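Asks: Pasting a structure below so you can have a look.
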Amino acid sequence: MKLSALITALLLAIWGATSATALQKVIRFAHQKNLFMAPVFVALEKGLFDEALAKVGYRMERHEINIGPAVAEAMAAGKIDVGQLGMAVIVTAAGRGLPAKIVVNTGVAGEGVVVRTDSGIASMADLRGKTIAIPAKGNMQDFVVRRGLEKAGLDPAKDVRFVEIAGPDQKQALNGKLVDAITLWEPLVTDAVLGGGRLLTTGQEIYPGHDNDTISATTEAIGKHPDAVRAIVQTVVHAQQWVIDNPEEAKSIAAKYLGLPRPTVDAAWSNVLRRRDGRPSAEYTQEFADFLSKWGYIKTKVIAADLIDEQFMRGNN
């Protein structure tokens, strides 16, 4: 082939690839960097999102937004179509008017209450009169620790003092003796333990089997881009099944995307549980929403059955 002909063929190939990309519609997806996102990390690492979305004429515009409420704000502003939202965030946001639906569950439990090794605190009952750090009022950690206190016979409104401290800063507050206990999610729970703390109890021990993490989609995205939403949901479910079946490789991939040593991920892994089918639980969602309403965090009644959209789960094995 002559050089001119080769150049022409190459330019046509490049033009064709560029045109194909230009013709693809965009779905905007945001996620955080935590252990719940191991299936998403696997799907990114193996190109599963690109493959599934290309089949339906889409490409993903991916964003890392490491605070759940900021993801909800971006969705409310029409800047994100599908996003990772903790159960607390999506229920609270829905209660305040965010037009979005839970489309897949990405994590069960995963919280922990950590104390200092020299604190003398051996049970939740020993937290009477103590100061407990929570990431925010009304989030899942707040809910779980309150539930644990109630199970131990304490009144969360009277018998302890809560202070709000951002998750990444809680370890320092605990080690500096500014608080007596901290409540976090993985891998921050394990990081606090490896940093000198002691795990008092886990969210799973306090409230077995509860939904913690979701991927949710705006109602606009569901209406305008159902094929793309379905591709994301089913890819997440298949990746979640792969994570369950291939934990060693999944841990290495998660460590890479989280920027953490593999031993930290190893230690945190068993504290996050996953459902093979990724199906959200209306029962746990409703119970959590009712507590948020009871505590005054949301004023509008949230009906879990209306908040969960399972249509994109159909066809998964």
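Every chain in the structure tokens has a letter given in the order shown (A, B, ...), and although residue numbers restart at 1 in each chain, ligands are simply numbered from 1 in the order shown.
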Please list as a JSON list (two decimals) with N, CA and C atoms, in the first residue's frame every residue within 12 Å of Gln311 of chain A, counting only C-alpha atoms and excluding residues in the same chain fewer than 5 positions away.
Replies:
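The resulting file, part10.json, is reproduced below:
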```
[["chain", "number", "residue", "atom", "x", "y", "z"],
["A", 101, "LYS", "N", -34.52, 7.82, 42.71],
["A", 101, "LYS", "CA", -34.93, 6.50, 43.15],
["A", 101, "LYS", "C", -33.71, 5.63, 43.42],
["A", 102, "ILE", "N", -33.81, 4.76, 44.43],
["A", 102, "ILE", "CA", -32.78, 3.75, 44.66],
["A", 102, "ILE", "C", -32.93, 2.68, 43.58],
["A", 103, "VAL", "N", -31.85, 2.36, 42.88],
["A", 103, "VAL", "CA", -31.95, 1.37, 41.80],
["A", 103, "VAL", "C", -31.14, 0.10, 42.08],
["A", 104, "VAL", "N", -30.21, 0.14, 43.02],
["A", 104, "VAL", "CA", -29.46, -1.07, 43.37],
["A", 104, "VAL", "C", -28.78, -0.87, 44.72],
["A", 222, "ILE", "N", -34.04, 8.22, 34.72],
["A", 222, "ILE", "CA", -34.83, 7.00, 34.55],
["A", 222, "ILE", "C", -35.78, 7.16, 33.37],
["A", 226, "PRO", "N", -33.32, 5.23, 30.22],
["A", 226, "PRO", "CA", -33.53, 3.94, 30.90],
["A", 226, "PRO", "C", -32.54, 2.86, 30.49],
["A", 227, "ASP", "N", -32.13, 2.84, 29.23],
["A", 227, "ASP", "CA", -31.19, 1.81, 28.79],
["A", 227, "ASP", "C", -29.83, 1.98, 29.46],
["A", 229, "VAL", "N", -29.30, 3.52, 32.41],
["A", 229, "VAL", "CA", -29.46, 3.20, 33.83],
["A", 229, "VAL", "C", -29.45, 1.69, 34.02],
["A", 230, "ARG", "N", -30.16, 0.99, 33.15],
["A", 230, "ARG", "CA", -30.19, -0.48, 33.24],
["A", 230, "ARG", "C", -28.78, -1.06, 33.05],
["A", 231, "ALA", "N", -28.02, -0.53, 32.11],
["A", 231, "ALA", "CA", -26.67, -1.03, 31.86],
["A", 231, "ALA", "C", -25.79, -0.84, 33.08],
["A", 233, "VAL", "N", -26.84, -0.49, 36.30],
["A", 233, "VAL", "CA", -27.34, -1.35, 37.38],
["A", 233, "VAL", "C", -26.91, -2.79, 37.18],
["A", 234, "GLN", "N", -27.12, -3.33, 36.00],
["A", 234, "GLN", "CA", -26.81, -4.73, 35.79],
["A", 234, "GLN", "C", -25.31, -4.98, 35.80],
["A", 279, "ARG", "N", -30.39, -6.46, 45.41],
["A", 279, "ARG", "CA", -31.76, -5.96, 45.55],
["A", 279, "ARG", "C", -31.91, -5.13, 46.84],
["A", 280, "PRO", "N", -32.41, -3.90, 46.72],
["A", 280, "PRO", "CA", -32.62, -3.07, 47.91],
["A", 280, "PRO", "C", -33.76, -3.64, 48.76],
["A", 316, "ASN", "N", -31.40, -9.92, 35.72],
["A", 316, "ASN", "CA", -30.16, -10.33, 36.38],
["A", 316, "ASN", "C", -30.31, -11.74, 36.91]]
```
Asks: Run DSSP on the backbone of this structure and report the residues of segment 62-130 of chain A it assigns to strand (DSSP E or B), as number ranges by chain.
Replies: A: 62-64, 82-86, 100-109, 111-116
Asks: For N, CA and C atoms, I'd like the residues from the last selection saved as a PDB file, in the first residue's frame.
Replies:
```
ATOM      1  N   ARG A  62     -17.614   9.992  34.212  1.00  0.00           N
ATOM      2  CA  ARG A  62     -17.483   9.574  35.608  1.00  0.00           C
ATOM      3  C   ARG A  62     -16.888  10.684  36.468  1.00  0.00           C
ATOM      4  N   HIS A  63     -17.435  10.821  37.677  1.00  0.00           N
ATOM      5  CA  HIS A  63     -16.948  11.821  38.627  1.00  0.00           C
ATOM      6  C   HIS A  63     -16.741  11.161  39.989  1.00  0.00           C
ATOM      7  N   GLU A  64     -15.677  11.531  40.669  1.00  0.00           N
ATOM      8  CA  GLU A  64     -15.485  11.132  42.068  1.00  0.00           C
ATOM      9  C   GLU A  64     -15.896  12.306  42.946  1.00  0.00           C
ATOM     10  N   VAL A  82     -26.738   9.532  37.739  1.00  0.00           N
ATOM     11  CA  VAL A  82     -26.732   8.334  38.585  1.00  0.00           C
ATOM     12  C   VAL A  82     -25.607   8.495  39.583  1.00  0.00           C
ATOM     13  N   GLY A  83     -25.886   8.232  40.872  1.00  0.00           N
ATOM     14  CA  GLY A  83     -24.836   8.455  41.858  1.00  0.00           C
ATOM     15  C   GLY A  83     -24.903   7.516  43.040  1.00  0.00           C
ATOM     16  N   GLN A  84     -23.750   7.301  43.653  1.00  0.00           N
ATOM     17  CA  GLN A  84     -23.679   6.529  44.890  1.00  0.00           C
ATOM     18  C   GLN A  84     -24.151   7.401  46.041  1.00  0.00           C
ATOM     19  N   LEU A  85     -25.181   6.938  46.729  1.00  0.00           N
ATOM     20  CA  LEU A  85     -25.696   7.649  47.892  1.00  0.00           C
ATOM     21  C   LEU A  85     -25.889   6.657  49.024  1.00  0.00           C
ATOM     22  N   GLY A  86     -25.332   6.971  50.181  1.00  0.00           N
ATOM     23  CA  GLY A  86     -25.609   6.164  51.352  1.00  0.00           C
ATOM     24  C   GLY A  86     -27.106   6.188  51.641  1.00  0.00           C
ATOM     25  N   ALA A 100     -35.413  11.324  42.970  1.00  0.00           N
ATOM     26  CA  ALA A 100     -34.485  10.239  42.660  1.00  0.00           C
ATOM     27  C   ALA A 100     -35.013   8.942  43.248  1.00  0.00           C
ATOM     28  N   LYS A 101     -34.518   7.821  42.707  1.00  0.00           N
ATOM     29  CA  LYS A 101     -34.934   6.495  43.155  1.00  0.00           C
ATOM     30  C   LYS A 101     -33.706   5.626  43.424  1.00  0.00           C
ATOM     31  N   ILE A 102     -33.807   4.765  44.429  1.00  0.00           N
ATOM     32  CA  ILE A 102     -32.783   3.751  44.663  1.00  0.00           C
ATOM     33  C   ILE A 102     -32.935   2.684  43.580  1.00  0.00           C
ATOM     34  N   VAL A 103     -31.847   2.362  42.876  1.00  0.00           N
ATOM     35  CA  VAL A 103     -31.949   1.370  41.803  1.00  0.00           C
ATOM     36  C   VAL A 103     -31.143   0.097  42.076  1.00  0.00           C
ATOM     37  N   VAL A 104     -30.207   0.135  43.022  1.00  0.00           N
ATOM     38  CA  VAL A 104     -29.458  -1.074  43.371  1.00  0.00           C
ATOM     39  C   VAL A 104     -28.784  -0.869  44.723  1.00  0.00           C
ATOM     40  N   ASN A 105     -28.693  -1.950  45.492  1.00  0.00           N
ATOM     41  CA  ASN A 105     -27.981  -1.918  46.774  1.00  0.00           C
ATOM     42  C   ASN A 105     -26.520  -2.275  46.558  1.00  0.00           C
ATOM     43  N   THR A 106     -25.618  -1.516  47.171  1.00  0.00           N
ATOM     44  CA  THR A 106     -24.190  -1.776  47.010  1.00  0.00           C
ATOM     45  C   THR A 106     -23.470  -2.046  48.321  1.00  0.00           C
ATOM     46  N   GLY A 107     -24.212  -2.274  49.388  1.00  0.00           N
ATOM     47  CA  GLY A 107     -23.527  -2.601  50.632  1.00  0.00           C
ATOM     48  C   GLY A 107     -24.485  -2.753  51.793  1.00  0.00           C
ATOM     49  N   VAL A 108     -24.220  -3.758  52.608  1.00  0.00           N
ATOM     50  CA  VAL A 108     -24.987  -4.022  53.824  1.00  0.00           C
ATOM     51  C   VAL A 108     -24.048  -3.848  55.014  1.00  0.00           C
ATOM     52  N   ALA A 109     -24.541  -3.151  56.043  1.00  0.00           N
ATOM     53  CA  ALA A 109     -23.738  -2.880  57.244  1.00  0.00           C
ATOM     54  C   ALA A 109     -22.467  -2.112  56.858  1.00  0.00           C
ATOM     55  N   GLU A 111     -20.447  -0.423  59.235  1.00  0.00           N
ATOM     56  CA  GLU A 111     -20.092   0.613  60.206  1.00  0.00           C
ATOM     57  C   GLU A 111     -19.354  -0.002  61.402  1.00  0.00           C
ATOM     58  N   GLY A 112     -18.834   0.860  62.250  1.00  0.00           N
ATOM     59  CA  GLY A 112     -18.203   0.395  63.470  1.00  0.00           C
ATOM     60  C   GLY A 112     -18.118   1.493  64.509  1.00  0.00           C
ATOM     61  N   VAL A 113     -18.169   1.099  65.770  1.00  0.00           N
ATOM     62  CA  VAL A 113     -17.962   2.021  66.897  1.00  0.00           C
ATOM     63  C   VAL A 113     -16.589   1.697  67.477  1.00  0.00           C
ATOM     64  N   VAL A 114     -15.718   2.690  67.542  1.00  0.00           N
ATOM     65  CA  VAL A 114     -14.336   2.488  67.969  1.00  0.00           C
ATOM     66  C   VAL A 114     -14.053   3.334  69.210  1.00  0.00           C
ATOM     67  N   VAL A 115     -13.346   2.738  70.161  1.00  0.00           N
ATOM     68  CA  VAL A 115     -12.949   3.435  71.384  1.00  0.00           C
ATOM     69  C   VAL A 115     -11.435   3.303  71.552  1.00  0.00           C
ATOM     70  N   ARG A 116     -10.882   4.017  72.515  1.00  0.00           N
ATOM     71  CA  ARG A 116      -9.450   3.884  72.796  1.00  0.00           C
ATOM     72  C   ARG A 116      -9.195   2.581  73.549  1.00  0.00           C
TER      73      ARG A 116
END
```
Asks: How close does segment 164-232 of chain A get to segment 282-304 of chain A? List, as a Markdown table, each residue of segment 164-232 of chain A within 12 Å, its nearest atom pair and the distance in Å to one decimal, counting only C-alpha atoms.
Replies:
```
| residue | atom | partner | partner_atom | distance |
| --- | --- | --- | --- | --- |
| A:Tyr207 | CA | A:Tyr284 | CA | 9.8 |
| A:Pro208 | CA | A:Tyr284 | CA | 10.2 |
| A:Gly209 | CA | A:Tyr284 | CA | 8.4 |
| A:His210 | CA | A:Tyr284 | CA | 5.8 |
| A:Asp211 | CA | A:Tyr284 | CA | 6.3 |
| A:Asn212 | CA | A:Thr285 | CA | 9.1 |
| A:Asp213 | CA | A:Thr285 | CA | 10.7 |
| A:Thr214 | CA | A:Thr285 | CA | 10.8 |
```
Asks: Pick out the residues sitting within 12 Å of Ala30 of chain A, and hand them over as a CSV table (one decimal) with N, CA and C atoms, in the first residue's frame; count only C-alpha atoms, and ignore anything fewer than 2 positions along from it in its own chain.
Replies:
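Produced file result.csv, reproduced below:
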```
chain,number,residue,atom,x,y,z
A,27,ILE,N,-24.0,9.4,29.9
A,27,ILE,CA,-24.7,9.3,31.2
A,27,ILE,C,-23.7,9.7,32.3
A,28,ARG,N,-24.0,10.6,33.2
A,28,ARG,CA,-23.1,11.1,34.1
A,28,ARG,C,-23.3,10.4,35.5
A,32,GLN,N,-18.2,7.6,45.3
A,32,GLN,CA,-17.3,8.0,46.4
A,32,GLN,C,-16.1,7.0,46.4
A,33,LYS,N,-15.1,7.3,47.2
A,33,LYS,CA,-14.0,6.3,47.4
A,33,LYS,C,-14.1,5.7,48.8
A,37,MET,N,-17.8,0.6,47.3
A,37,MET,CA,-17.6,0.7,45.8
A,37,MET,C,-16.7,-0.3,45.2
A,40,VAL,N,-17.9,-1.3,41.8
A,40,VAL,CA,-17.7,-0.3,40.8
A,40,VAL,C,-16.2,-0.2,40.4
A,60,MET,N,-19.9,6.7,29.6
A,60,MET,CA,-20.0,7.2,30.9
A,60,MET,C,-19.1,8.4,31.1
A,61,GLU,N,-19.7,9.4,31.7
A,61,GLU,CA,-18.9,10.6,32.2
A,61,GLU,C,-18.8,10.4,33.7
A,62,ARG,N,-17.6,10.0,34.2
A,62,ARG,CA,-17.5,9.6,35.6
A,62,ARG,C,-16.9,10.7,36.5
A,63,HIS,N,-17.4,10.8,37.7
A,63,HIS,CA,-16.9,11.8,38.6
A,63,HIS,C,-16.7,11.2,40.0
A,64,GLU,N,-15.7,11.5,40.7
A,64,GLU,CA,-15.5,11.1,42.1
A,64,GLU,C,-15.9,12.3,42.9
A,65,ILE,N,-16.9,12.1,43.7
A,65,ILE,CA,-17.4,13.1,44.7
A,65,ILE,C,-17.5,12.4,46.0
A,66,ASN,N,-16.6,12.8,46.9
A,66,ASN,CA,-16.3,11.9,48.1
A,66,ASN,C,-17.2,12.3,49.3
A,67,ILE,N,-18.3,13.1,49.1
A,67,ILE,CA,-19.2,13.3,50.2
A,67,ILE,C,-20.6,13.1,49.7
A,68,GLY,N,-21.3,12.1,50.3
A,68,GLY,CA,-22.6,11.8,49.8
A,68,GLY,C,-23.6,12.9,49.6
A,69,PRO,N,-23.7,13.9,50.5
A,69,PRO,CA,-24.6,15.0,50.3
A,69,PRO,C,-24.3,15.8,49.1
A,70,ALA,N,-23.0,15.9,48.8
A,70,ALA,CA,-22.5,16.6,47.6
A,70,ALA,C,-23.0,15.9,46.3
A,71,VAL,N,-23.0,14.6,46.3
A,71,VAL,CA,-23.5,13.8,45.2
A,71,VAL,C,-25.0,14.1,45.0
A,72,ALA,N,-25.8,14.1,46.1
A,72,ALA,CA,-27.2,14.5,46.1
A,72,ALA,C,-27.4,15.9,45.6
A,73,GLU,N,-26.6,16.8,46.0
A,73,GLU,CA,-26.7,18.2,45.5
A,73,GLU,C,-26.5,18.3,44.0
A,74,ALA,N,-25.5,17.5,43.5
A,74,ALA,CA,-25.2,17.5,42.1
A,74,ALA,C,-26.3,16.9,41.3
A,75,MET,N,-27.0,15.9,41.9
A,75,MET,CA,-28.1,15.3,41.2
A,75,MET,C,-29.3,16.2,41.2
A,79,LYS,N,-26.7,17.9,37.4
A,79,LYS,CA,-25.3,17.8,36.9
A,79,LYS,C,-24.8,16.3,36.9
A,80,ILE,N,-25.6,15.5,37.7
A,80,ILE,CA,-25.3,14.0,37.8
A,80,ILE,C,-26.6,13.3,37.5
A,81,ASP,N,-26.5,12.2,36.8
A,81,ASP,CA,-27.7,11.4,36.5
A,81,ASP,C,-27.9,10.2,37.4
A,82,VAL,N,-26.7,9.5,37.7
A,82,VAL,CA,-26.7,8.3,38.6
A,82,VAL,C,-25.6,8.5,39.6
A,83,GLY,N,-25.9,8.2,40.9
A,83,GLY,CA,-24.8,8.5,41.9
A,83,GLY,C,-24.9,7.5,43.0
A,84,GLN,N,-23.8,7.3,43.7
A,84,GLN,CA,-23.7,6.5,44.9
A,84,GLN,C,-24.2,7.4,46.0
A,85,LEU,N,-25.2,6.9,46.7
A,85,LEU,CA,-25.7,7.6,47.9
A,85,LEU,C,-25.9,6.7,49.0
A,214,THR,N,-26.2,2.6,48.5
A,214,THR,CA,-27.0,2.5,47.3
A,214,THR,C,-26.4,3.1,46.1
A,215,ILE,N,-26.9,2.8,44.9
A,215,ILE,CA,-26.7,3.6,43.7
A,215,ILE,C,-28.1,4.0,43.4
A,216,SER,N,-28.3,5.3,43.2
A,216,SER,CA,-29.6,5.9,42.9
A,216,SER,C,-29.6,6.7,41.6
A,217,ALA,N,-30.7,6.9,41.0
A,217,ALA,CA,-30.8,7.6,39.7
A,217,ALA,C,-31.9,8.6,39.8
A,232,ILE,N,-25.9,0.3,33.7
A,232,ILE,CA,-25.1,0.6,34.9
A,232,ILE,C,-25.5,-0.4,36.1
```
Asks: For Gly129 of chain A, find every residue with an atom within 9 Å (counting only C-alpha atoms), except residues of its own chain fewer than 5 positions away, and show them as a list in words.
Replies: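 The residues that qualify are Lys158, Asp159, Val160 and Arg161 of chain A.
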Asks: Give me the residues near Gln240 of chain A as a list of chain:residue names, where near means some atom within 9 Å (using only C-alpha atoms) and where sequence neighbours in that chain fewer than 4 positions away do not count.
Replies: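 Selected residues are A:Ala38, A:Pro39, A:Val40, A:Val42, A:Thr106, A:Thr235, A:Val236, A:Ile244, A:Asp245, A:Arg274, A:Arg275, A:Arg276, A:Asp277, A:Gly278.
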Asks: Could those selected residues go to a file with C-alpha atoms, as a PDB file, in the first residue's frame?
Replies:
```
ATOM      1  CA  ALA A  38     -15.516  -2.390  45.313  1.00  0.00           C
ATOM      2  CA  PRO A  39     -17.902  -3.637  42.570  1.00  0.00           C
ATOM      3  CA  VAL A  40     -17.670  -0.268  40.808  1.00  0.00           C
ATOM      4  CA  VAL A  42     -13.907  -3.872  39.511  1.00  0.00           C
ATOM      5  CA  THR A 106     -24.190  -1.776  47.010  1.00  0.00           C
ATOM      6  CA  THR A 235     -23.075  -4.143  35.468  1.00  0.00           C
ATOM      7  CA  VAL A 236     -22.889  -3.294  39.174  1.00  0.00           C
ATOM      8  CA  ILE A 244     -18.178 -12.124  46.197  1.00  0.00           C
ATOM      9  CA  ASP A 245     -16.737 -15.005  44.172  1.00  0.00           C
ATOM     10  CA  ARG A 274     -23.103  -7.726  49.939  1.00  0.00           C
ATOM     11  CA  ARG A 275     -26.220  -9.240  48.425  1.00  0.00           C
ATOM     12  CA  ARG A 276     -25.630 -11.297  45.294  1.00  0.00           C
ATOM     13  CA  ASP A 277     -28.720  -9.891  43.610  1.00  0.00           C
ATOM     14  CA  GLY A 278     -28.091  -6.296  44.687  1.00  0.00           C
TER      15      GLY A 278
END
```
Asks: Could you pull out all residues of segment 20-81 of chain A with a DSSP call of alpha helix (DSSP H) and give them as a list of chain:residue names?
Replies: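 Secondary structure check on segment 20-81 of chain A, alpha helix (DSSP H): A:Ala20, A:Thr21, A:Ala22, A:Leu23, A:Ala38, A:Pro39, A:Val40, A:Phe41, A:Val42, A:Ala43, A:Leu44, A:Glu45, A:Leu48, A:Phe49, A:Asp50, A:Glu51, A:Ala52, A:Leu53, A:Ala54, A:Lys55, A:Gly68, A:Pro69, A:Ala70, A:Val71, A:Ala72, A:Glu73, A:Ala74, A:Met75, A:Ala76.
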Asks: What does the distance between atom CA of Ala88 of chain A and atom CA of Gly138 of chain A come to in Å, to one decimal place?
Replies: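 Those two atoms sit 6.7 Å apart.
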Asks: So how many Å separate atom CA of Gly110 of chain A and atom CA of Asn271 of chain A, to one decimal?
Replies: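 Spanning atom CA of Gly110 of chain A to atom CA of Asn271 of chain A is a straight-line distance of 5.0 Å.
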Asks: Give me the segment 196-312 of chain A side of the contact with segment 175-182 of chain A, cut-off 9 Å, one line per residue showing its nearest atom pair and distance in Å at one decimal, counting only C-alpha atoms, sorted by chain and residue number, as a tab-separated table.
Replies:
```
residue	atom	partner	partner_atom	distance
A:Gly196	CA	A:Asn175	CA	7.7
A:Gly197	CA	A:Asn175	CA	7.7
A:Leu200	CA	A:Ala181	CA	8.9
```
Asks: Go ahead and dump the residues you just picked, N, CA and C atoms, as a PDB file, in the first residue's frame.
Replies:
```pdb
ATOM      1  N   GLY A 196      -4.601   2.501  66.452  1.00  0.00           N
ATOM      2  CA  GLY A 196      -4.504   2.447  67.907  1.00  0.00           C
ATOM      3  C   GLY A 196      -5.823   2.311  68.631  1.00  0.00           C
ATOM      4  N   GLY A 197      -6.946   2.303  67.904  1.00  0.00           N
ATOM      5  CA  GLY A 197      -8.241   2.161  68.555  1.00  0.00           C
ATOM      6  C   GLY A 197      -8.641   0.713  68.747  1.00  0.00           C
ATOM      7  N   LEU A 200     -15.359  -1.571  69.278  1.00  0.00           N
ATOM      8  CA  LEU A 200     -16.300  -1.915  70.341  1.00  0.00           C
ATOM      9  C   LEU A 200     -17.414  -2.801  69.806  1.00  0.00           C
TER      10      LEU A 200
END
```
Asks: Leaving out Ala54 of chain A and any residue of its chain fewer than 2 positions from it, which residues lie within 12 Å of it when counting only C-alpha atoms, given as a list of chain:residue names?
Replies: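 Skipping anything fewer than 2 positions along the chain leaves A:Ala20, A:Thr21, A:Ala22, A:Leu23, A:Gln24, A:Lys25, A:Val26, A:Ile27, A:Gly47, A:Leu48, A:Phe49, A:Asp50, A:Glu51, A:Ala52, A:Val56, A:Gly57, A:Tyr58, A:Arg59, A:Met60, A:Asp227, A:Ala228, A:Ala231, A:Ile232.
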Asks: Have a look at A:Gly195, A:Pro135, A:Gly153, A:Gly148 and name the one nearest to Ile165 of chain A; count only C-alpha atoms.
Replies: A:Pro135
